[in-house]
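A.B. asks: Attaching a single structure in structure tokens format; questions to follow.
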Amino acid sequence: MTAGQPEWVIREDAGSPVLVALYLRQVLGIRSPEDLPSLRHVPAAAETTRTDAAQSELERQCRAYWALTVERQA
């Protein structure tokens, strides 16, 4: 853990869809779902010039991806 923030620890049996979803969420600066911690050694998103509408749409798409791939497997 770094700076008191929780992080995911990836195991060998972690599914690719989970890893892809978490990685994209982090590098794109997606805030939802907010209860997910950060991946280790993956840079946080750089400042973006997205409009609020574009950010909302990107977050909606990422939530849909999460629901279709990760939550469906649970």
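Ligands are numbered from 1 in the order shown, residues from 1 within each chain, and chains are lettered A, B, ... in the order they appear in the structure tokens.
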Which residues are near Trp66 in chain A? Cut-off 9 Å, only C-alpha atoms, ignore same chain within fewer than 6 positions. Put them as a PyMOL selection string.

C.D. replies: chain A and resi 17-18+21-22+72

A.B. asks: Env of Arg31 in chain A: 12 Å cut, atoms = only C-alpha atoms, seq-sep filter 5 positions within chain, self excluded. Answer as JSON, numbers by chain.

C.D. replies: {"A": [22, 24, 25, 26, 36, 37, 38, 44, 45, 55, 56, 58, 59, 60, 62, 63]}

A.B. asks: Choose the residue, out of A:Ala54, A:Ser16, A:Tyr65, A:Ala46, that has the smallest atom-to-atom separation from Pro33 in chain A; count only C-alpha atoms.

C.D. replies: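 Between A:Ala54, A:Ser16, A:Tyr65, A:Ala46, the residue approaching Pro33 in chain A most closely is A:Tyr65.
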